[in-house]
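Novice: This is the content of work-v1.cif (mmCIF, C-alpha atoms and all ligand atoms):
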data_start
#
loop_
_atom_site.label_atom_id
_atom_site.label_comp_id
_atom_site.auth_asym_id
_atom_site.auth_seq_id
_atom_site.Cartn_x
_atom_site.Cartn_y
_atom_site.Cartn_z
CA MET A 183 8.50 -26.51 18.50
CA ALA A 184 10.52 -28.05 15.68
CA GLN A 185 9.67 -27.11 12.11
CA PHE A 186 8.65 -29.84 9.69
CA LYS A 187 8.65 -29.67 5.91
CA GLU A 188 5.06 -29.73 4.66
CA LEU A 189 4.21 -33.13 3.25
CA VAL A 190 0.86 -34.70 2.39
CA PHE A 191 0.09 -38.37 2.99
CA SER A 192 -3.13 -40.30 2.56
CA GLY A 193 -4.27 -43.86 1.98
CA VAL A 194 -7.16 -45.83 0.51
CA GLN A 195 -7.99 -49.47 1.23
CA PRO A 196 -8.17 -51.89 -1.71
CA THR A 197 -11.29 -53.59 -0.41
CA GLY A 198 -13.69 -53.24 -3.31
CA ASN A 199 -16.20 -50.81 -4.75
CA LEU A 200 -14.45 -47.46 -4.70
CA HIS A 201 -17.40 -45.06 -4.63
CA LEU A 202 -18.37 -41.42 -4.91
CA GLY A 203 -17.67 -40.91 -1.18
CA ASN A 204 -14.08 -42.08 -1.61
CA TYR A 205 -13.75 -39.87 -4.67
CA LEU A 206 -15.23 -36.63 -3.28
CA GLY A 207 -14.04 -37.10 0.32
CA ALA A 208 -10.53 -38.17 -0.59
CA ILE A 209 -9.22 -38.89 -4.11
CA LYS A 210 -10.48 -35.69 -5.79
CA ARG A 211 -8.89 -33.70 -2.98
CA PHE A 212 -5.62 -35.66 -3.38
CA VAL A 213 -5.53 -34.37 -6.95
CA THR A 214 -5.91 -30.77 -5.79
CA MET A 215 -3.26 -31.08 -3.07
CA GLN A 216 -0.61 -32.12 -5.58
CA GLU A 217 -0.64 -28.59 -7.06
CA THR A 218 0.69 -27.10 -3.84
CA HIS A 219 2.43 -29.91 -1.91
CA ASP A 220 4.68 -32.94 -2.18
CA CYS A 221 2.28 -35.85 -1.81
CA ILE A 222 2.47 -39.54 -1.01
CA TYR A 223 -0.62 -41.62 -1.83
CA CYS A 224 -0.75 -45.18 -0.62
CA VAL A 225 -2.87 -48.22 -1.40
CA VAL A 226 -3.08 -49.66 2.11
CA ASP A 227 -3.10 -53.38 1.39
CA MET A 228 -1.90 -54.34 4.87
CA HIS A 229 -4.91 -52.57 6.34
CA ALA A 230 -7.14 -54.51 3.93
CA ILE A 231 -6.18 -57.90 5.39
CA THR A 232 -7.42 -56.95 8.87
CA VAL A 233 -10.57 -58.60 7.51
CA TRP A 234 -10.44 -61.62 5.17
CA GLN A 235 -9.54 -60.88 1.55
CA ASP A 236 -9.44 -63.37 -1.29
CA PRO A 237 -5.79 -63.23 -2.50
CA LYS A 238 -6.56 -63.02 -6.24
CA GLU A 239 -9.22 -60.41 -5.67
CA LEU A 240 -6.89 -58.41 -3.39
CA LYS A 241 -4.29 -58.15 -6.15
CA ARG A 242 -6.96 -56.93 -8.57
CA GLN A 243 -8.24 -54.39 -6.07
CA ILE A 244 -4.75 -53.01 -5.37
CA ARG A 245 -4.34 -52.40 -9.10
CA GLU A 246 -7.83 -50.93 -9.35
CA VAL A 247 -7.25 -48.35 -6.60
CA THR A 248 -3.95 -47.44 -8.27
CA ALA A 249 -5.79 -47.08 -11.58
CA ALA A 250 -8.37 -44.84 -9.88
CA PHE A 251 -5.62 -42.59 -8.50
CA ILE A 252 -4.07 -42.18 -11.93
CA ALA A 253 -7.40 -41.88 -13.79
CA ALA A 254 -8.54 -39.17 -11.38
CA GLY A 255 -5.43 -37.15 -12.18
CA ILE A 256 -2.72 -38.02 -9.66
CA ASP A 257 0.68 -37.79 -11.30
CA PRO A 258 2.81 -40.73 -10.09
CA LYS A 259 5.95 -39.22 -11.59
CA LYS A 260 5.77 -35.98 -9.64
CA HIS A 261 4.36 -37.58 -6.49
CA ILE A 262 4.63 -41.00 -4.88
CA VAL A 263 2.00 -43.70 -5.47
CA PHE A 264 2.70 -47.14 -3.97
CA ASN A 265 1.25 -50.04 -2.01
CA GLN A 266 1.92 -50.25 1.71
CA SER A 267 3.10 -53.86 1.92
CA GLN A 268 6.14 -53.05 -0.24
CA VAL A 269 7.64 -50.68 2.31
CA ALA A 270 8.40 -52.83 5.35
CA GLN A 271 9.04 -49.80 7.57
CA HIS A 272 5.27 -49.23 7.91
CA ALA A 273 4.95 -52.51 9.85
CA GLU A 274 8.18 -51.88 11.78
CA LEU A 275 7.13 -48.47 13.02
CA ALA A 276 3.62 -49.78 13.76
CA TRP A 277 5.19 -52.17 16.28
CA VAL A 278 6.91 -49.30 18.08
CA PHE A 279 3.58 -47.44 18.11
CA ASN A 280 1.81 -50.51 19.51
CA CYS A 281 4.15 -50.04 22.45
CA VAL A 282 3.57 -46.27 22.68
CA ALA A 283 -0.25 -46.24 22.35
CA ARG A 284 -2.34 -47.28 25.37
CA MET A 285 -5.02 -49.98 25.41
CA GLY A 286 -7.54 -47.38 26.56
CA TRP A 287 -6.90 -45.25 23.48
CA ALA A 288 -7.39 -48.15 21.08
CA ASN A 289 -10.45 -49.33 23.00
CA ARG A 290 -12.20 -46.05 22.24
CA MET A 291 -11.98 -46.40 18.44
CA THR A 292 -15.50 -46.46 17.04
CA GLN A 293 -14.42 -47.96 13.70
CA PHE A 294 -13.17 -51.08 15.51
CA LYS A 295 -16.48 -51.37 17.34
CA GLU A 296 -18.43 -51.01 14.08
CA LYS A 297 -16.28 -53.42 12.10
CA ALA A 298 -15.92 -56.04 14.83
CA GLY A 299 -19.68 -55.92 15.48
CA LYS A 300 -21.16 -58.18 18.12
CA ASP A 301 -18.61 -60.96 17.70
CA ARG A 302 -15.64 -59.02 19.02
CA GLU A 303 -13.85 -62.17 20.26
CA ASN A 304 -13.62 -63.33 16.69
CA ALA A 305 -12.18 -60.10 15.20
CA SER A 306 -8.52 -60.23 14.13
CA VAL A 307 -5.88 -58.73 16.42
CA GLY A 308 -4.90 -56.73 13.33
CA LEU A 309 -8.30 -55.03 13.25
CA PHE A 310 -7.72 -53.82 16.80
CA ALA A 311 -4.15 -52.68 16.00
CA TYR A 312 -5.32 -50.97 12.75
CA PRO A 313 -5.06 -47.36 14.04
CA MET A 314 -1.44 -47.81 15.12
CA LEU A 315 -0.56 -49.00 11.62
CA MET A 316 -2.39 -45.96 10.24
CA ALA A 317 -0.36 -43.65 12.50
CA SER A 318 2.76 -45.35 11.24
CA ASP A 319 1.74 -44.86 7.57
CA ILE A 320 1.62 -41.13 8.17
CA LEU A 321 4.49 -40.67 10.58
CA VAL A 322 7.01 -42.92 8.82
CA TYR A 323 7.17 -39.99 6.35
CA ARG A 324 6.74 -37.41 9.12
CA ALA A 325 3.80 -36.13 7.04
CA THR A 326 2.24 -32.86 8.20
CA HIS A 327 -1.12 -32.92 6.38
CA VAL A 328 -3.60 -35.73 5.76
CA PRO A 329 -6.67 -35.21 3.52
CA VAL A 330 -9.42 -37.67 4.51
CA GLY A 331 -13.18 -37.96 4.88
CA GLU A 332 -14.95 -37.27 8.16
CA ASP A 333 -15.00 -40.96 9.18
CA GLN A 334 -11.20 -40.97 9.68
CA LYS A 335 -11.17 -38.08 12.16
CA GLN A 336 -10.84 -40.21 15.28
CA HIS A 337 -7.95 -42.20 13.79
CA LEU A 338 -6.12 -38.97 13.02
CA GLU A 339 -6.63 -37.74 16.57
CA LEU A 340 -5.02 -40.96 17.76
CA THR A 341 -2.13 -40.36 15.34
CA ARG A 342 -1.58 -36.97 16.95
CA ASP A 343 -1.70 -38.51 20.44
CA ILE A 344 0.86 -41.13 19.44
CA ALA A 345 3.21 -38.52 17.95
CA GLN A 346 2.88 -36.39 21.06
CA LYS A 347 3.50 -39.28 23.45
CA PHE A 348 6.52 -40.49 21.46
CA ASN A 349 7.95 -36.95 21.49
CA ASN A 350 7.39 -36.72 25.27
CA ASP A 351 8.48 -40.23 26.26
CA PHE A 352 11.72 -39.98 24.28
CA ALA A 353 12.32 -36.22 24.63
CA GLU A 354 15.83 -36.62 26.05
CA SER A 355 16.91 -39.17 23.47
CA ILE A 356 15.38 -37.13 20.62
CA ALA A 357 17.49 -34.14 21.69
CA GLU A 358 20.64 -36.24 22.23
CA ASN A 359 20.31 -37.71 18.76
CA GLY A 360 20.16 -34.23 17.25
CA TYR A 361 16.44 -33.99 16.44
CA GLY A 362 15.66 -30.98 18.62
CA ASP A 363 12.52 -30.85 20.73
CA ALA A 364 10.23 -33.08 18.65
CA PHE A 365 10.82 -35.95 16.25
CA PHE A 366 7.31 -36.41 14.89
CA PRO A 367 5.05 -33.60 13.65
CA ILE A 368 1.57 -33.25 15.13
CA THR A 369 -0.16 -34.03 11.87
CA GLU A 370 -3.07 -31.92 10.74
CA PRO A 371 -6.18 -33.66 9.40
CA LEU A 372 -7.64 -31.92 6.34
CA ILE A 373 -11.37 -32.59 6.41
CA HIS A 374 -12.65 -29.82 4.17
CA GLY A 375 -15.25 -29.10 1.54
CA PRO A 376 -18.92 -29.94 0.98
CA ALA A 377 -18.46 -33.72 0.67
CA THR A 378 -16.43 -34.97 3.63
CA ARG A 379 -19.32 -37.28 4.50
CA VAL A 380 -21.24 -38.39 1.41
CA MET A 381 -24.40 -40.21 2.41
CA SER A 382 -26.18 -43.24 0.91
CA LEU A 383 -28.43 -42.48 -2.07
CA ARG A 384 -31.10 -44.69 -0.48
CA ASP A 385 -30.97 -43.34 3.07
CA GLY A 386 -29.68 -39.87 3.94
CA SER A 387 -28.92 -40.92 7.51
CA LYS A 388 -26.35 -43.58 6.49
CA LYS A 389 -22.86 -43.00 5.12
CA MET A 390 -22.23 -44.07 1.52
CA SER A 391 -20.24 -47.23 1.97
CA LYS A 392 -18.74 -50.10 0.01
CA SER A 393 -20.34 -52.59 2.38
CA ASP A 394 -23.96 -51.48 1.84
CA PRO A 395 -25.78 -54.48 0.30
CA SER A 396 -27.71 -52.20 -2.09
CA ASP A 397 -25.66 -51.14 -5.11
CA TYR A 398 -28.19 -48.32 -5.60
CA SER A 399 -26.95 -46.76 -2.36
CA ARG A 400 -23.72 -45.66 -4.03
CA ILE A 401 -22.18 -44.59 -7.32
CA ASN A 402 -19.15 -46.78 -7.92
CA LEU A 403 -16.15 -45.23 -9.64
CA THR A 404 -16.37 -48.05 -12.18
CA ASP A 405 -20.05 -47.39 -13.07
CA ASP A 406 -20.73 -46.49 -16.69
CA ALA A 407 -22.77 -43.46 -17.79
CA ASP A 408 -26.12 -45.33 -17.92
CA THR A 409 -25.67 -46.82 -14.46
CA ILE A 410 -24.71 -43.45 -12.97
CA ALA A 411 -27.81 -41.85 -14.53
CA THR A 412 -30.12 -44.58 -13.26
CA LYS A 413 -28.73 -44.39 -9.72
CA VAL A 414 -29.10 -40.60 -9.56
CA ARG A 415 -32.67 -40.78 -10.91
CA LYS A 416 -33.59 -43.44 -8.36
CA ALA A 417 -31.95 -41.58 -5.44
CA LYS A 418 -34.32 -41.07 -2.52
CA THR A 419 -35.73 -37.54 -2.18
CA ASP A 420 -38.69 -35.85 -0.57
CA PRO A 421 -41.74 -34.20 -2.20
CA GLU A 422 -40.74 -30.56 -1.57
CA PRO A 423 -38.86 -28.40 -4.12
CA LEU A 424 -35.27 -27.39 -3.24
CA PRO A 425 -35.04 -24.50 -0.76
CA SER A 426 -33.20 -21.28 -1.62
CA GLU A 427 -31.33 -21.12 1.70
CA ILE A 428 -29.04 -23.63 3.42
CA GLU A 429 -31.21 -23.61 6.57
CA GLY A 430 -33.97 -25.18 4.51
CA LEU A 431 -31.84 -28.34 4.09
CA LYS A 432 -31.37 -28.99 7.81
CA THR A 433 -34.18 -31.51 8.24
CA ARG A 434 -33.90 -32.91 4.70
CA PRO A 435 -30.87 -35.24 4.71
CA GLU A 436 -31.42 -36.66 1.21
CA ALA A 437 -31.79 -33.21 -0.37
CA GLU A 438 -28.79 -31.96 1.59
CA ASN A 439 -26.70 -34.89 0.34
CA LEU A 440 -27.56 -34.37 -3.34
CA VAL A 441 -26.82 -30.65 -3.07
CA ALA A 442 -23.45 -31.41 -1.40
CA ILE A 443 -22.60 -33.91 -4.15
CA TYR A 444 -23.49 -31.38 -6.84
CA ALA A 445 -21.38 -28.71 -5.12
CA ALA A 446 -18.36 -30.98 -4.75
CA LEU A 447 -18.53 -32.21 -8.36
CA THR A 448 -18.73 -28.64 -9.71
CA ASN A 449 -16.16 -27.15 -7.27
CA THR A 450 -18.77 -24.79 -5.85
CA THR A 451 -20.56 -24.57 -2.51
CA PRO A 452 -24.04 -25.71 -1.43
CA GLU A 453 -24.95 -21.99 -1.24
CA ASP A 454 -24.02 -21.57 -4.92
CA VAL A 455 -26.05 -24.64 -5.86
CA LEU A 456 -29.14 -23.35 -4.06
CA ARG A 457 -28.71 -19.95 -5.67
CA ASP A 458 -29.02 -21.64 -9.07
CA HIS A 459 -31.47 -24.43 -8.24
CA GLY A 460 -33.49 -23.18 -5.26
CA GLY A 461 -37.20 -23.62 -6.00
CA SER A 462 -36.57 -26.42 -8.55
CA GLN A 463 -38.40 -29.71 -8.35
CA PHE A 464 -36.21 -32.77 -7.89
CA SER A 465 -36.95 -34.00 -11.40
CA GLY A 466 -35.18 -30.94 -12.81
CA PHE A 467 -32.37 -30.90 -10.26
CA LYS A 468 -31.71 -34.61 -10.74
CA ALA A 469 -31.43 -34.11 -14.51
CA ALA A 470 -28.74 -31.46 -13.85
CA LEU A 471 -27.03 -33.79 -11.35
CA VAL A 472 -27.03 -36.64 -13.88
CA ASP A 473 -25.31 -34.30 -16.34
CA VAL A 474 -22.51 -33.23 -14.02
CA SER A 475 -22.06 -36.73 -12.56
CA VAL A 476 -21.75 -38.35 -15.96
CA THR A 477 -19.49 -35.59 -17.29
CA LYS A 478 -17.13 -35.79 -14.32
CA LEU A 479 -17.23 -39.49 -13.44
CA ALA A 480 -17.70 -41.48 -16.65
CA PRO A 481 -14.29 -40.42 -18.10
CA ILE A 482 -12.61 -41.64 -14.88
CA ALA A 483 -14.32 -45.03 -15.23
CA ASP A 484 -13.26 -45.23 -18.89
CA GLU A 485 -9.66 -44.39 -18.05
CA MET A 486 -9.65 -46.94 -15.20
CA ARG A 487 -10.80 -49.63 -17.63
CA ARG A 488 -8.06 -48.65 -20.07
CA LEU A 489 -5.40 -48.76 -17.34
CA MET A 490 -6.67 -52.08 -15.96
CA ALA A 491 -6.17 -53.64 -19.39
CA ASP A 492 -2.41 -53.27 -18.86
CA PRO A 493 -1.62 -54.45 -15.31
CA SER A 494 2.13 -54.46 -16.01
CA HIS A 495 2.06 -50.67 -16.38
CA ILE A 496 0.24 -50.31 -13.05
CA ASP A 497 2.71 -52.68 -11.38
CA ALA A 498 5.60 -50.61 -12.73
CA VAL A 499 4.07 -47.43 -11.24
CA LEU A 500 3.74 -49.16 -7.85
CA ALA A 501 7.28 -50.55 -8.00
CA ASP A 502 8.74 -47.14 -8.77
CA GLY A 503 6.67 -45.47 -6.03
CA SER A 504 7.62 -48.14 -3.50
CA ASP A 505 11.33 -47.68 -4.24
CA ARG A 506 11.05 -43.94 -3.66
CA ALA A 507 8.90 -44.31 -0.53
CA ARG A 508 11.28 -46.89 0.96
CA VAL A 509 14.21 -44.47 0.86
CA LEU A 510 12.24 -41.92 2.91
CA ALA A 511 10.77 -44.47 5.33
CA ALA A 512 14.17 -46.05 5.98
CA GLN A 513 15.59 -42.69 7.10
CA THR A 514 12.81 -42.26 9.65
CA MET A 515 13.08 -45.83 10.86
CA ASP A 516 16.86 -45.59 11.37
CA ALA A 517 16.31 -42.46 13.45
CA VAL A 518 13.51 -44.13 15.45
CA LYS A 519 15.82 -47.07 16.23
CA ASP A 520 18.48 -44.69 17.53
CA ILE A 521 15.93 -42.73 19.57
CA VAL A 522 14.29 -45.81 21.11
CA GLY A 523 17.70 -47.29 22.00
CA PHE A 524 18.06 -50.22 19.62
CA VAL A 525 21.67 -51.08 18.69
CA ARG A 526 21.87 -50.74 14.92
CA SER A 527 24.00 -53.20 12.95
CA ARG A 528 23.50 -51.24 9.76
P1 LIG A 601 -11.08 -46.00 3.31
O1 LIG A 601 -10.33 -46.90 2.37
O2 LIG A 601 -12.27 -46.56 4.01
O3 LIG A 601 -11.57 -44.71 2.54
C1 LIG A 601 -10.70 -43.93 1.75
C2 LIG A 601 -11.02 -42.46 1.91
O4 LIG A 601 -12.37 -42.21 1.53
C3 LIG A 601 -13.04 -41.48 2.56
N1 LIG A 601 -14.46 -41.87 2.56
C4 LIG A 601 -15.47 -40.98 2.48
N2 LIG A 601 -15.48 -39.64 2.36
C5 LIG A 601 -16.69 -39.03 2.28
N3 LIG A 601 -17.87 -39.69 2.32
C6 LIG A 601 -17.91 -41.05 2.42
N4 LIG A 601 -19.07 -41.69 2.43
C7 LIG A 601 -16.67 -41.74 2.52
N5 LIG A 601 -16.34 -43.05 2.64
C8 LIG A 601 -14.98 -43.10 2.67
C9 LIG A 601 -12.33 -41.91 3.84
O5 LIG A 601 -12.54 -40.96 4.86
C10 LIG A 601 -10.89 -41.98 3.37
O6 LIG A 601 -10.29 -40.70 3.39
N6 LIG A 601 -8.20 -45.97 7.40
C11 LIG A 601 -8.35 -45.41 6.06
C12 LIG A 601 -7.18 -45.70 5.15
C13 LIG A 601 -5.84 -45.31 5.68
C14 LIG A 601 -5.34 -43.98 5.77
C15 LIG A 601 -4.02 -44.11 6.31
C16 LIG A 601 -5.88 -42.73 5.47
C17 LIG A 601 -4.88 -46.15 6.13
N7 LIG A 601 -3.76 -45.43 6.49
C18 LIG A 601 -3.23 -42.97 6.54
C19 LIG A 601 -5.07 -41.59 5.71
C20 LIG A 601 -3.77 -41.73 6.24
C21 LIG A 601 -9.60 -46.03 5.43
O7 LIG A 601 -10.03 -47.10 5.82
O8 LIG A 601 -10.08 -45.34 4.37
#
If you took the structure in this file and wrote it as structure tokens, what would it be?
Specialist:
Amino acid sequence: MAQFKELVFSGVQPTGNLHLGNYLGAIKRFVTMQETHDCIYCVVDMHAITVWQDPKELKRQIREVTAAFIAAGIDPKKHIVFNQSQVAQHAELAWVFNCVARMGWANRMTQFKEKAGKDRENASVGLFAYPMLMASDILVYRATHVPVGEDQKQHLELTRDIAQKFNNDFAESIAENGYGDAFFPITEPLIHGPATRVMSLRDGSKKMSKSDPSDYSRINLTDDADTIATKVRKAKTDPEPLPSEIEGLKTRPEAENLVAIYAALTNTTPEDVLRDHGGSQFSGFKAALVDVSVTKLAPIADEMRRLMADPSHIDAVLADGSDRARVLAAQTMDAVKDIVGFVRSR
């Protein structure tokens, strides 16, 4: 099997209310990955318009996600930060993948079913084609590793299937064009750590989500210190003290969630947290959780506000990132055109 240079890619949609789940499941881990890998982090604005977005609000959200990346500690000089729509090759490769992927594969995607809801006839065609665009985001850079939260697992499996089928369908042409026995890597999803599925603060059986009507269900990355403290204090719990062993959390989803959040924020494990807090009442544990949440999150919110006050700086970061991403994406797309059998005029 061909060797691929290790490269990290991930994306976040600019669709409002970046929350603690996005931070712990994705953005915080993006920051860590940049110590060991070349990374490309993308604000996926073309994915956002698979459901209606107000144009002015979309622009603001694109800048806000970019601000969150930078405020959290991503270095846009060392790595690439850009918005998807500015690199046309994402859409170009997505078309090729629409022709590689099978209807049956796309039909199985649970996110489409959830987002389309009962009125499937009225969902956009783009919402159905979403996973092929996502595969293209990753594979247009031939990225090998993708840090995401648990909810993206099925999409990444589809990405692997698409890469595999492309490599098989075009095996002869890939070899003839000098790319050996595989053109696309079989990308590895990185779904690690205690907080790959952060749950709602109001209901431990539901994922923390930007679309939950209750703002108390989530901590937004833009929340100030007082709001964070109030939301943690109001978080649903049960009457028992915290257990000392992990097994004791199994039937207590709200307790399990708060322990996972604490572990992720302090770079420890749920076992470590229970070692220190096992036997505590929630009043005490929540006070400790307010402390770490405010210490870790409030400075990010402050820095986001500072960055958002100067949109031209954010736009310059995106323009620079897009220019650098386009160079890489164009190389892949030229090769794909040769492999598929398109006659290239340039
Ligand atoms: P999006 O914008 O919904 O979410 C961004 C990232 O946040 C993670 N996440 C969570 N992690 C833990 N707990 C939660 N409650 C939680 N909610 C969200 C998501 O798993 C994701 O990692 N389809 C993607 C965006 C995308 C993408 C890509 C990702 C487009 N192209 C290519 C990776 C590679 C999405 O809608 O994420």
Novice: Restricting the calculation to only C-alpha atoms: of A:Thr378, A:Asn304, A:Thr433, A:Asn402, which residue gets closest to A:Arg211?
Specialist: A:Thr378
Novice: Fewer than 6 positions away in the same chain doesn't count, so skip those; otherwise give me all residues within 8 Å of A:Val499, counting all atoms listed in the file, as a list in words.
Specialist: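 Here the qualifying residues turn out to be Pro258, Val263 and Phe264 of chain A.
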Novice: With C-alpha atoms retained, export the selected residues as a PDB file, in the frame of the given file.
Specialist:
ATOM      1  CA  PRO A 258       2.810 -40.730 -10.090  1.00  0.00           C
ATOM      2  CA  VAL A 263       2.000 -43.700  -5.470  1.00  0.00           C
ATOM      3  CA  PHE A 264       2.700 -47.140  -3.970  1.00  0.00           C
TER       4      PHE A 264
END
Novice: Can you list, as an mmCIF file with C-alpha atoms, in the frame of the given file, every protein, DNA or RNA residue that comes within 7 Å of stretch 183-192 of chain A when you count only C-alpha atoms, leaving out same-chain residues fewer than 4 positions away?
Specialist:
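Once written, part-v7.cif looks like this:
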data_model
loop_
_atom_site.group_PDB
_atom_site.id
_atom_site.type_symbol
_atom_site.label_atom_id
_atom_site.label_comp_id
_atom_site.auth_asym_id
_atom_site.auth_seq_id
_atom_site.Cartn_x
_atom_site.Cartn_y
_atom_site.Cartn_z
ATOM 1 C CA HIS A 219 2.430 -29.910 -1.910
ATOM 2 C CA ASP A 220 4.680 -32.940 -2.180
ATOM 3 C CA CYS A 221 2.280 -35.850 -1.810
ATOM 4 C CA ILE A 222 2.470 -39.540 -1.010
ATOM 5 C CA TYR A 223 -0.620 -41.620 -1.830
ATOM 6 C CA CYS A 224 -0.750 -45.180 -0.620
ATOM 7 C CA ILE A 320 1.620 -41.130 8.170
ATOM 8 C CA ALA A 325 3.800 -36.130 7.040
ATOM 9 C CA THR A 326 2.240 -32.860 8.200
ATOM 10 C CA HIS A 327 -1.120 -32.920 6.380
ATOM 11 C CA VAL A 328 -3.600 -35.730 5.760
ATOM 12 C CA PRO A 329 -6.670 -35.210 3.520
ATOM 13 C CA GLY A 362 15.660 -30.980 18.620
ATOM 14 C CA ASP A 363 12.520 -30.850 20.730
ATOM 15 C CA ALA A 364 10.230 -33.080 18.650
ATOM 16 C CA PRO A 367 5.050 -33.600 13.650
#
Novice: Pick out the closest residue to ligand LIG 601 (chain A) from this set: A:Ala480, A:Ile344, A:Val282, A:Ala230. Count all atoms listed in the file.
Specialist: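 When distances to ligand LIG 601 (chain A) are compared using all atoms listed in the file, the smallest one comes from A:Ala230.
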Novice: To check your reading of the model: which residues sit at most 8 Å from ligand LIG 601 (chain A) when counting only C-alpha atoms and all ligand atoms? Write the answer as a ChimeraX atom specification.
Specialist: /A:191-197,201-209,224,226,229,312-313,315-320,328-335,337-338,377-382,389-392
Novice: Figure out the distance between atom CA of A:Leu240 and atom CA of A:Lys297, please, to one decimal in Å.
Specialist: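 That distance, rounded to one decimal, is 18.8 Å.
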Novice: Using only C-alpha atoms, which protein or nucleic acid residues come within 9 Å of stretch 464-478 of chain A? Drop anything in the same chain fewer than 6 positions from it, and give the result as a list in words.
Specialist: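 Those residues are Asp406, Ala407, Asp408, Ile410, Ala411, Thr412, Lys413, Val414, Arg415, Ala417, Thr419, Asp420, Pro421, Glu422, Pro423, Leu424, Ala437, Leu440, Val441, Ile443, Tyr444, Leu447 and Thr448 of chain A.
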Novice: So how far away is atom CA of A:Val278 from atom CA of A:Met515, in Å?
Specialist: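 Computed distance, atom CA of A:Met515 to atom CA of A:Val278, equals 10.1 Å.
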Novice: Which of these residues is nearest to A:Asp497, using all atoms listed in the file: A:Ile256, A:Gln268, A:Leu309, A:Glu239?
Specialist: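 With all atoms listed in the file as the atom set, the closest residue is A:Gln268.
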